[in-house]
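protein_14.pdb follows (PDB, C-alpha atoms and all ligand atoms):
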```
MODEL        1
ATOM      1  CA  MET E 235       0.000   0.000   0.000
ATOM      2  CA  GLU E 236       1.277   3.517  -0.818
ATOM      3  CA  ARG E 237       2.303   5.822   2.054
ATOM      4  CA  LYS E 238      -0.599   8.195   1.246
ATOM      5  CA  SER E 239      -3.111   5.375   1.674
ATOM      6  CA  ILE E 240      -1.576   4.275   4.968
ATOM      7  CA  LEU E 241      -1.784   7.845   6.320
ATOM      8  CA  LEU E 242      -5.414   8.121   5.245
ATOM      9  CA  ARG E 243      -6.236   4.861   7.033
ATOM     10  CA  ILE E 244      -4.435   5.792  10.231
ATOM     11  CA  SER E 245      -5.933   9.288  10.392
ATOM     12  CA  THR E 246      -9.466   7.855  10.577
ATOM     13  CA  ILE E 247      -8.735   6.649  14.118
ATOM     14  CA  ALA E 248      -9.136  10.185  15.509
ATOM     15  CA  MET E 249     -12.405  10.662  13.629
ATOM     16  CA  ASN E 250     -16.025  10.481  14.609
ATOM     17  CA  VAL E 251     -16.657   6.919  13.458
ATOM     18  CA  PRO E 252     -20.300   5.916  12.800
ATOM     19  CA  GLU E 253     -21.668   3.183  15.095
ATOM     20  CA  THR E 254     -23.851   1.559  12.449
ATOM     21  CA  VAL E 255     -22.886   1.482   8.767
ATOM     22  CA  ALA E 256     -25.013  -0.021   5.987
ATOM     23  CA  ILE E 257     -23.777  -0.715   2.465
ATOM     24  CA  ILE E 258     -25.653  -1.403  -0.770
ATOM     25  CA  MET E 259     -22.974  -3.467  -2.522
ATOM     26  CA  ASP E 260     -23.765  -2.570  -6.123
ATOM     27  CA  GLY E 261     -21.897  -2.933  -9.409
ATOM     28  CA  ASN E 262     -20.630  -6.528  -9.346
ATOM     29  CA  GLY E 263     -22.173  -7.293 -12.740
ATOM     30  CA  ARG E 264     -20.926  -4.122 -14.450
ATOM     31  CA  TRP E 265     -17.445  -4.625 -12.961
ATOM     32  CA  ALA E 266     -17.278  -8.121 -14.430
ATOM     33  CA  LYS E 267     -18.710  -7.080 -17.798
ATOM     34  CA  ALA E 268     -16.103  -4.303 -18.136
ATOM     35  CA  LYS E 269     -13.421  -6.971 -17.720
ATOM     36  CA  GLY E 270     -15.044  -9.381 -20.178
ATOM     37  CA  LEU E 271     -15.873 -11.786 -17.310
ATOM     38  CA  PRO E 272     -19.161 -13.505 -16.389
ATOM     39  CA  ARG E 273     -21.338 -11.673 -13.811
ATOM     40  CA  THR E 274     -20.551 -14.409 -11.279
ATOM     41  CA  ALA E 275     -16.876 -13.319 -11.304
ATOM     42  CA  GLY E 276     -18.067  -9.924 -10.048
ATOM     43  CA  HIS E 277     -20.030 -11.567  -7.235
ATOM     44  CA  LYS E 278     -16.994 -13.715  -6.318
ATOM     45  CA  LYS E 279     -14.729 -10.645  -6.038
ATOM     46  CA  GLY E 280     -17.594  -8.860  -4.258
ATOM     47  CA  ALA E 281     -17.668 -11.575  -1.591
ATOM     48  CA  ASP E 282     -13.914 -11.129  -1.015
ATOM     49  CA  GLN E 283     -14.540  -7.407  -0.477
ATOM     50  CA  ILE E 284     -16.939  -8.305   2.343
ATOM     51  CA  ARG E 285     -13.930  -9.686   4.203
ATOM     52  CA  THR E 286     -11.829  -6.573   3.444
ATOM     53  CA  ILE E 287     -14.465  -4.077   4.587
ATOM     54  CA  ALA E 288     -15.545  -6.121   7.638
ATOM     55  CA  LEU E 289     -11.934  -6.281   8.875
ATOM     56  CA  GLU E 290     -11.494  -2.538   8.326
ATOM     57  CA  ALA E 291     -14.813  -1.673  10.002
ATOM     58  CA  ASN E 292     -13.802  -3.867  12.948
ATOM     59  CA  ARG E 293     -10.413  -2.139  13.141
ATOM     60  CA  LEU E 294     -12.134   1.262  13.245
ATOM     61  CA  HIS E 295     -14.523   0.084  16.004
ATOM     62  CA  VAL E 296     -17.692   0.371  13.931
ATOM     63  CA  LYS E 297     -20.275  -1.547  16.015
ATOM     64  CA  LYS E 298     -22.489  -2.931  13.258
ATOM     65  CA  LEU E 299     -21.973  -3.312   9.509
ATOM     66  CA  ILE E 300     -25.095  -4.247   7.530
ATOM     67  CA  LEU E 301     -24.521  -5.501   3.978
ATOM     68  CA  TYR E 302     -27.271  -5.883   1.364
ATOM     69  CA  ALA E 303     -26.353  -9.272  -0.106
ATOM     70  CA  PHE E 304     -29.698 -10.382  -1.593
ATOM     71  CA  SER E 305     -32.934  -8.432  -1.840
ATOM     72  CA  THR E 306     -36.484  -9.775  -1.984
ATOM     73  CA  GLU E 307     -36.453  -8.501  -5.604
ATOM     74  CA  ASN E 308     -33.266 -10.400  -6.578
ATOM     75  CA  TRP E 309     -35.347 -13.597  -7.120
ATOM     76  CA  LYS E 310     -36.215 -12.060 -10.518
ATOM     77  CA  ARG E 311     -32.626 -12.703 -11.731
ATOM     78  CA  PRO E 312     -31.707 -15.626 -14.036
ATOM     79  CA  GLU E 313     -31.658 -19.010 -12.291
ATOM     80  CA  ASP E 314     -27.934 -19.633 -12.803
ATOM     81  CA  GLU E 315     -27.043 -16.297 -11.146
ATOM     82  CA  ILE E 316     -29.372 -17.005  -8.194
ATOM     83  CA  SER E 317     -27.893 -20.456  -7.854
ATOM     84  CA  TYR E 318     -24.346 -18.978  -7.727
ATOM     85  CA  LEU E 319     -25.388 -16.350  -5.165
ATOM     86  CA  CYS E 320     -26.847 -19.156  -3.015
ATOM     87  CA  LYS E 321     -23.477 -20.939  -3.074
ATOM     88  CA  LEU E 322     -21.462 -17.836  -2.161
ATOM     89  CA  PRO E 323     -22.095 -17.861   1.610
ATOM     90  CA  GLY E 324     -20.675 -21.408   1.727
ATOM     91  CA  ILE E 325     -17.595 -20.393  -0.270
ATOM     92  CA  PHE E 326     -17.177 -17.221   1.803
ATOM     93  CA  PHE E 327     -17.438 -18.812   5.239
ATOM     94  CA  SER E 328     -15.247 -21.804   4.416
ATOM     95  CA  LYS E 329     -12.532 -19.323   3.339
ATOM     96  CA  PHE E 330     -12.877 -16.700   6.067
ATOM     97  CA  ILE E 331     -14.629 -18.073   9.173
ATOM     98  CA  ASN E 332     -11.321 -18.673  10.986
ATOM     99  CA  GLU E 333     -10.224 -15.104  10.341
ATOM    100  CA  LEU E 334     -13.595 -13.738  11.495
ATOM    101  CA  MET E 335     -13.175 -15.745  14.721
ATOM    102  CA  GLU E 336      -9.588 -14.514  15.191
ATOM    103  CA  LYS E 337     -10.752 -10.918  14.782
ATOM    104  CA  ASN E 338     -13.657 -11.404  17.214
ATOM    105  CA  ILE E 339     -16.301 -10.581  14.547
ATOM    106  CA  ARG E 340     -19.890 -11.747  15.146
ATOM    107  CA  VAL E 341     -21.977 -12.776  12.143
ATOM    108  CA  THR E 342     -25.743 -12.210  12.102
ATOM    109  CA  PHE E 343     -28.316 -12.104   9.315
ATOM    110  CA  ALA E 344     -31.483 -10.154   8.548
ATOM    111  CA  GLY E 345     -34.229 -11.398   6.254
ATOM    112  CA  GLU E 346     -36.273 -14.511   5.558
ATOM    113  CA  LEU E 347     -33.649 -17.214   5.255
ATOM    114  CA  GLU E 348     -36.262 -19.990   4.814
ATOM    115  CA  ARG E 349     -36.614 -19.367   1.066
ATOM    116  CA  PHE E 350     -32.982 -20.375   0.413
ATOM    117  CA  PRO E 351     -31.778 -23.932  -0.257
ATOM    118  CA  LYS E 352     -31.261 -25.975   2.929
ATOM    119  CA  GLU E 353     -27.463 -25.982   2.462
ATOM    120  CA  THR E 354     -27.310 -22.151   2.206
ATOM    121  CA  GLN E 355     -29.418 -21.845   5.353
ATOM    122  CA  LYS E 356     -27.174 -24.341   7.126
ATOM    123  CA  VAL E 357     -23.871 -22.552   6.396
ATOM    124  CA  ILE E 358     -25.286 -19.171   7.418
ATOM    125  CA  ARG E 359     -26.807 -20.496  10.667
ATOM    126  CA  LYS E 360     -23.534 -22.302  11.413
ATOM    127  CA  ALA E 361     -21.507 -19.076  10.989
ATOM    128  CA  VAL E 362     -23.973 -17.224  13.229
ATOM    129  CA  ASP E 363     -23.730 -19.940  15.876
ATOM    130  CA  GLN E 364     -19.940 -20.252  15.687
ATOM    131  CA  THR E 365     -19.366 -16.513  16.140
ATOM    132  CA  LYS E 366     -22.201 -15.750  18.584
ATOM    133  CA  LYS E 367     -19.927 -15.105  21.573
ATOM    134  CA  ASN E 368     -17.651 -12.689  19.701
ATOM    135  CA  THR E 369     -17.725  -9.112  20.972
ATOM    136  CA  GLY E 370     -16.191  -7.090  18.127
ATOM    137  CA  LEU E 371     -17.960  -5.897  14.973
ATOM    138  CA  GLU E 372     -21.423  -7.320  14.238
ATOM    139  CA  LEU E 373     -21.363  -8.263  10.558
ATOM    140  CA  CYS E 374     -25.025  -8.440   9.558
ATOM    141  CA  ILE E 375     -25.801  -9.990   6.180
ATOM    142  CA  ALA E 376     -29.158  -8.818   4.793
ATOM    143  CA  ILE E 377     -30.332 -11.741   2.713
ATOM    144  CA  ASN E 378     -33.768 -12.191   1.133
ATOM    145  CA  TYR E 379     -34.315  -8.838   2.784
ATOM    146  CA  GLY E 380     -36.748  -6.097   1.773
ATOM    147  CA  ALA E 381     -37.523  -3.108   3.974
ATOM    148  CA  ARG E 382     -41.245  -2.971   3.170
ATOM    149  CA  ARG E 383     -41.577  -6.676   3.932
ATOM    150  CA  GLU E 384     -39.675  -6.137   7.207
ATOM    151  CA  ILE E 385     -42.104  -3.364   8.215
ATOM    152  CA  VAL E 386     -45.186  -5.444   7.284
ATOM    153  CA  LEU E 387     -43.855  -8.435   9.276
ATOM    154  CA  GLY E 388     -43.201  -6.124  12.247
ATOM    155  CA  ILE E 389     -46.765  -4.743  12.110
ATOM    156  CA  LYS E 390     -48.210  -8.292  11.914
ATOM    157  CA  LYS E 391     -46.174  -9.404  14.931
ATOM    158  CA  TYR E 392     -47.224  -6.358  16.937
ATOM    159  CA  ALA E 393     -50.913  -6.814  15.971
ATOM    160  CA  CYS E 394     -50.803 -10.501  17.009
ATOM    161  CA  GLU E 395     -49.371  -9.592  20.400
ATOM    162  CA  VAL E 396     -52.138  -6.994  20.939
ATOM    163  CA  LEU E 397     -54.877  -9.444  19.840
ATOM    164  CA  ASN E 398     -53.466 -12.131  22.126
ATOM    165  CA  LYS E 399     -53.362  -9.540  24.907
ATOM    166  CA  GLU E 400     -49.606 -10.039  25.294
ATOM    167  CA  ARG E 401     -49.221  -6.270  25.227
ATOM    168  CA  GLU E 402     -51.183  -2.999  25.424
ATOM    169  CA  ASN E 403     -52.292  -1.210  22.279
ATOM    170  CA  ASP E 404     -49.743   1.583  22.480
ATOM    171  CA  LEU E 405     -46.513   1.796  20.585
ATOM    172  CA  SER E 406     -43.618   4.233  20.495
ATOM    173  CA  GLU E 407     -41.232   4.599  17.553
ATOM    174  CA  GLU E 408     -38.482   3.092  19.656
ATOM    175  CA  GLU E 409     -40.587   0.043  20.573
ATOM    176  CA  PHE E 410     -41.617  -0.481  16.956
ATOM    177  CA  SER E 411     -37.931  -0.761  16.010
ATOM    178  CA  SER E 412     -37.716  -3.885  18.173
ATOM    179  CA  TYR E 413     -40.266  -5.610  15.869
ATOM    180  CA  LEU E 414     -37.907  -5.254  12.891
ATOM    181  CA  PHE E 415     -35.044  -7.523  11.786
ATOM    182  CA  ILE E 416     -32.690  -4.604  12.442
ATOM    183  CA  PRO E 417     -33.592  -2.425  15.449
ATOM    184  CA  GLU E 418     -30.655   0.029  15.220
ATOM    185  CA  ASN E 419     -30.689   3.450  13.595
ATOM    186  CA  VAL E 420     -28.211   3.579  10.711
ATOM    187  CA  ASP E 421     -25.645   6.404  10.959
ATOM    188  CA  LEU E 422     -24.089   6.043   7.518
ATOM    189  CA  LEU E 423     -25.466   4.436   4.360
ATOM    190  CA  ILE E 424     -23.082   3.896   1.437
ATOM    191  CA  ARG E 425     -24.121   2.785  -2.052
ATOM    192  CA  THR E 426     -21.410   1.828  -4.518
ATOM    193  CA  SER E 427     -21.341   1.981  -8.312
ATOM    194  CA  GLY E 428     -23.027   5.259  -9.142
ATOM    195  CA  GLU E 429     -26.758   4.626  -8.704
ATOM    196  CA  GLU E 430     -28.421   7.037  -6.281
ATOM    197  CA  ARG E 431     -31.389   5.165  -4.831
ATOM    198  CA  ILE E 432     -32.259   3.145  -1.745
ATOM    199  CA  SER E 433     -33.765   0.048  -3.426
ATOM    200  CA  ASN E 434     -35.969  -1.053  -0.506
ATOM    201  CA  PHE E 435     -33.072  -1.207   1.999
ATOM    202  CA  LEU E 436     -33.575  -0.209   5.663
ATOM    203  CA  LEU E 437     -36.312   2.368   4.995
ATOM    204  CA  TRP E 438     -37.151   2.754   8.702
ATOM    205  CA  GLN E 439     -33.584   2.687  10.010
ATOM    206  CA  ILE E 440     -32.099   5.350   7.694
ATOM    207  CA  ALA E 441     -34.460   8.144   8.798
ATOM    208  CA  TYR E 442     -31.482  10.288   9.880
ATOM    209  CA  ALA E 443     -28.603   8.467   8.210
ATOM    210  CA  GLU E 444     -25.934  10.279   6.244
ATOM    211  CA  LEU E 445     -25.976   9.036   2.642
ATOM    212  CA  ILE E 446     -22.891   8.571   0.485
ATOM    213  CA  PHE E 447     -23.094   7.491  -3.154
ATOM    214  CA  THR E 448     -19.769   6.579  -4.725
ATOM    215  CA  SER E 449     -19.057   5.720  -8.356
ATOM    216  CA  VAL E 450     -16.612   2.976  -7.317
ATOM    217  CA  ALA E 451     -17.973  -0.522  -8.038
ATOM    218  CA  TRP E 452     -18.283  -2.842  -5.016
ATOM    219  CA  PRO E 453     -15.503  -5.237  -6.183
ATOM    220  CA  ASP E 454     -13.104  -2.223  -6.195
ATOM    221  CA  PHE E 455     -14.366  -0.752  -2.920
ATOM    222  CA  ASP E 456     -11.377  -1.270  -0.617
ATOM    223  CA  GLU E 457     -10.094  -0.027   2.765
ATOM    224  CA  GLU E 458      -9.073   3.280   1.264
ATOM    225  CA  GLN E 459     -12.517   3.890  -0.255
ATOM    226  CA  PHE E 460     -14.114   2.989   3.066
ATOM    227  CA  ALA E 461     -11.789   5.396   4.904
ATOM    228  CA  LEU E 462     -12.788   8.170   2.480
ATOM    229  CA  CYS E 463     -16.461   7.564   3.345
ATOM    230  CA  ILE E 464     -15.716   7.658   7.085
ATOM    231  CA  LYS E 465     -13.795  10.901   6.550
ATOM    232  CA  GLU E 466     -16.728  12.430   4.683
ATOM    233  CA  TYR E 467     -19.134  11.261   7.427
ATOM    234  CA  ASP E 468     -16.875  12.908  10.011
ATOM    235  CA  GLN E 469     -17.197  16.223   8.168
ATOM    236  CA  ARG E 470     -21.005  16.142   7.941
ATOM    237  CA  ASP E 471     -22.980  18.307  10.360
ATOM    238  CA  ARG E 472     -25.692  16.069  11.866
ATOM    239  CA  ARG E 473     -28.502  18.095  13.445
ATOM    240  CA  PHE E 474     -31.339  15.526  13.514
ATOM    241  CA  GLY E 475     -33.825  18.263  12.588
ATOM    242  CA  GLY E 476     -32.692  20.580  15.394
ATOM    243  CA  LEU E 477     -30.386  23.612  15.486
ATOM    244  CA  LYS E 478     -26.802  23.904  16.616
TER     245      LYS E 478
HETATM  246  C1  LIG M   1     -25.323  -6.056  -6.761
HETATM  247  O1  LIG M   1     -24.577  -6.006  -7.933
HETATM  248  C2  LIG M   1     -24.888  -7.202  -5.966
HETATM  249  C3  LIG M   1     -25.679  -8.235  -5.596
HETATM  250  C4  LIG M   1     -27.106  -8.331  -5.945
HETATM  251  C5  LIG M   1     -25.136  -9.366  -4.817
HETATM  252  C6  LIG M   1     -24.202  -8.959  -3.742
HETATM  253  C7  LIG M   1     -23.614 -10.161  -3.161
HETATM  254  C8  LIG M   1     -22.327 -10.273  -2.797
HETATM  255  C9  LIG M   1     -21.360  -9.176  -2.898
HETATM  256  C10 LIG M   1     -21.810 -11.549  -2.235
HETATM  257  C11 LIG M   1     -22.657 -12.158  -1.144
HETATM  258  C12 LIG M   1     -21.852 -13.072  -0.351
HETATM  259  C13 LIG M   1     -22.086 -13.445   0.921
HETATM  260  C14 LIG M   1     -21.068 -14.166   1.650
HETATM  261  C15 LIG M   1     -23.348 -13.171   1.605
HETATM  262  P1  LIG M   1     -25.321  -6.232  -9.314
HETATM  263  O2  LIG M   1     -25.235  -7.680  -9.667
HETATM  264  O3  LIG M   1     -26.697  -5.664  -9.241
HETATM  265  O4  LIG M   1     -24.405  -5.379 -10.250
HETATM  266  P2  LIG M   1     -24.851  -4.561 -11.544
HETATM  267  O5  LIG M   1     -25.788  -3.484 -11.064
HETATM  268  O6  LIG M   1     -23.553  -4.034 -12.032
HETATM  269  O7  LIG M   1     -25.487  -5.553 -12.466
ENDMDL
END
```
This structure in structure tokens:
Amino acid sequence: MERKSILLRISTIAMNVPETVAIIMDGNGRWAKAKGLPRTAGHKKGADQIRTIALEANRLHVKKLILYAFSTENWKRPEDEISYLCKLPGIFFSKFINELMEKNIRVTFAGELERFPKETQKVIRKAVDQTKKNTGLELCIAINYGARREIVLGIKKYACEVLNKERENDLSEEEFSSYLFIPENVDLLIRTSGEERISNFLLWQIAYAELIFTSVAWPDFDEEQFALCIKEYDQRDRRFGGLK
């Protein structure tokens, strides 16, 4: 790594680091196409970048990193691409689970896992179980996740509890968050590869998040790119609707 990059990485330590970071990992297909490779090659490199960014987020003491790996809309993709994406968690965890353990990283997931093949479900649940006592970064993989679906499921669960008289019919914003897959507020949302939209990701949780859209494709999004985002976050003036 060049000296400039090392300095940029080190200088982030003194910065205001976001507690919860979410990333829409976009551009795998375009990255591969530009190199004359199949789309799956972009997803493969994209999975390796999960390791890179999780280690860096852990090093910077980010508490939770939420990655959009598979949306409820991604089932519309060709079967061979879906089938490759279903195999990727297995490939990823067999390569990196030891390193995640060494670095004290805890794996969790958000979304309806049940729709995936049994083997995919098994490897994800195994990684969650194996790392459950770790106390460093929480690496949350959003998989078969859609924010509207998450909100509808939360409302259904709440309504059932009221009907069954398990709770009173009153609900604060904070309490409602606990009915979602992801209860935390997101501080920083990053989307790679140039598109500037949210694509049904964390609609409730990003109410006051800082948004960063970068043109860099996810397979090229490395520690240095991540540090640049943290630096930009540090320079933003967050007022949460109030005055300073
Ligand atoms: C978006 O790029 C990317 C995805 C839909 C899949 C992201 C998945 C990974 C990075 C790997 C998941 C691995 C694990 C371990 C959970 P795109 O295909 O939409 O790119 P394009 O917009 O250029 O076509």
Any chance you could tabulate, as a Markdown table, the residues of chain E at most 9 Å from ligand LIG 1 (chain M) with each one's nearest atom pair and distance in Å to one decimal, using all atoms listed in the file, in chain and rising number order?
```
| residue | atom | partner | partner_atom | distance |
| --- | --- | --- | --- | --- |
| E:Ile258 | CA | M:LIG1 | C1 | 7.6 |
| E:Met259 | CA | M:LIG1 | C2 | 5.4 |
| E:Asp260 | CA | M:LIG1 | C1 | 3.9 |
| E:Gly261 | CA | M:LIG1 | O6 | 3.3 |
| E:Asn262 | CA | M:LIG1 | O4 | 4.0 |
| E:Gly263 | CA | M:LIG1 | O6 | 3.6 |
| E:Arg264 | CA | M:LIG1 | O6 | 3.6 |
| E:Trp265 | CA | M:LIG1 | O6 | 6.2 |
| E:Ala266 | CA | M:LIG1 | O6 | 7.9 |
| E:Lys267 | CA | M:LIG1 | O6 | 8.1 |
| E:Arg273 | CA | M:LIG1 | O2 | 7.0 |
| E:Thr274 | CA | M:LIG1 | O2 | 8.4 |
| E:Gly276 | CA | M:LIG1 | O2 | 7.5 |
| E:His277 | CA | M:LIG1 | C9 | 5.1 |
| E:Lys278 | CA | M:LIG1 | C10 | 6.7 |
| E:Lys279 | CA | M:LIG1 | C9 | 7.5 |
| E:Gly280 | CA | M:LIG1 | C9 | 4.0 |
| E:Ala281 | CA | M:LIG1 | C10 | 4.2 |
| E:Asp282 | CA | M:LIG1 | C9 | 7.9 |
| E:Gln283 | CA | M:LIG1 | C9 | 7.5 |
| E:Ile284 | CA | M:LIG1 | C9 | 6.9 |
| E:Arg285 | CA | M:LIG1 | C14 | 8.8 |
| E:Leu301 | CA | M:LIG1 | C15 | 8.1 |
| E:Tyr302 | CA | M:LIG1 | C6 | 6.7 |
| E:Ala303 | CA | M:LIG1 | C7 | 4.2 |
| E:Phe304 | CA | M:LIG1 | C4 | 5.5 |
| E:Ser305 | CA | M:LIG1 | C4 | 7.1 |
| E:Asn308 | CA | M:LIG1 | C4 | 6.5 |
| E:Glu315 | CA | M:LIG1 | O2 | 8.9 |
| E:Leu319 | CA | M:LIG1 | C11 | 6.4 |
| E:Cys320 | CA | M:LIG1 | C12 | 8.3 |
| E:Lys321 | CA | M:LIG1 | C12 | 8.5 |
| E:Leu322 | CA | M:LIG1 | C12 | 5.1 |
| E:Pro323 | CA | M:LIG1 | C14 | 3.8 |
| E:Gly324 | CA | M:LIG1 | C14 | 7.3 |
| E:Ile325 | CA | M:LIG1 | C14 | 7.4 |
| E:Phe326 | CA | M:LIG1 | C14 | 4.9 |
| E:Phe327 | CA | M:LIG1 | C14 | 6.9 |
| E:Ile358 | CA | M:LIG1 | C15 | 8.6 |
| E:Ile375 | CA | M:LIG1 | C15 | 6.1 |
| E:Ala376 | CA | M:LIG1 | C15 | 7.9 |
| E:Ile377 | CA | M:LIG1 | C15 | 7.2 |
| E:Ser427 | CA | M:LIG1 | O6 | 7.4 |
| E:Glu429 | CA | M:LIG1 | O5 | 8.5 |
| E:Ala451 | CA | M:LIG1 | O6 | 7.7 |
| E:Trp452 | CA | M:LIG1 | C9 | 7.4 |
| E:Pro453 | CA | M:LIG1 | C9 | 7.8 |
```
Spatial neighbours of E:Met249, 10 Å, all atoms listed in the file, chain gap at least 5 places, as number ranges by chain: E: 244, 294, 464-465, 467-469
Residue with smallest distance to E:Gln364 - pool E:Ser406, E:Asn250, E:Gln439, E:Asn332, counting only C-alpha atoms: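 Residue with the minimum atom-to-atom distance to E:Gln364: E:Asn332.
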Minimum-distance residue to E:Val296, chosen among E:Ala344, E:Leu373, E:Ile257, E:Ile316 (using only C-alpha atoms):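 The answer is E:Leu373, which sits nearest to E:Val296.
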Residues selected by the PyMOL selection byres (((chain E and resi 466) around 12) and not hetatm), written as a list in words: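 With the PyMOL selection byres (((chain E and resi 466) around 12) and not hetatm) on this model, the match is Thr246, Met249, Asn250, Val251, Pro252, Leu422, Leu423, Ile424, Glu444, Leu445, Ile446, Phe447, Thr448, Gln459, Phe460, Ala461, Leu462, Cys463, Ile464, Lys465, Tyr467, Asp468, Gln469, Arg470 and Asp471 of chain E.
Residue nearest E:Pro351, chosen from E:Asn338, E:Tyr413, E:Asn378, E:Ala275 and counting only C-alpha atoms: E:Asn378.
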Result set, the PyMOL selection byres (((chain E and resi 407) around 12) and not hetatm) on current file, as a PyMOL selection string: chain E and resi 404-406+408-414+417-419+438-439+441
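Distance-wise, atom CA of E:Ala443 and atom CA of E:Val420 end up 5.5 Å apart.
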Interatomic distance (Å, one decimal) between atom CA of E:Leu334 and atom CA of E:Glu457: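 Going from atom CA of E:Leu334 over to atom CA of E:Glu457, I get 16.6 Å.
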Coordinates-based distance that separates atom CA of E:Thr354 from atom CA of E:Lys391 (Å, one decimal):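 Computed distance, atom CA of E:Lys391 to atom CA of E:Thr354, equals 26.1 Å.
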Resolved residues for the PyMOL selection byres (((chain E and resi 387) around 12) and not hetatm) as a PyMOL selection string: chain E and resi 345-346+379-386+388-394+410-415
Counting only C-alpha atoms, the option among E:Glu307, E:Glu458, E:Asn398, E:Gln355 closest to E:Asn434: E:Glu307
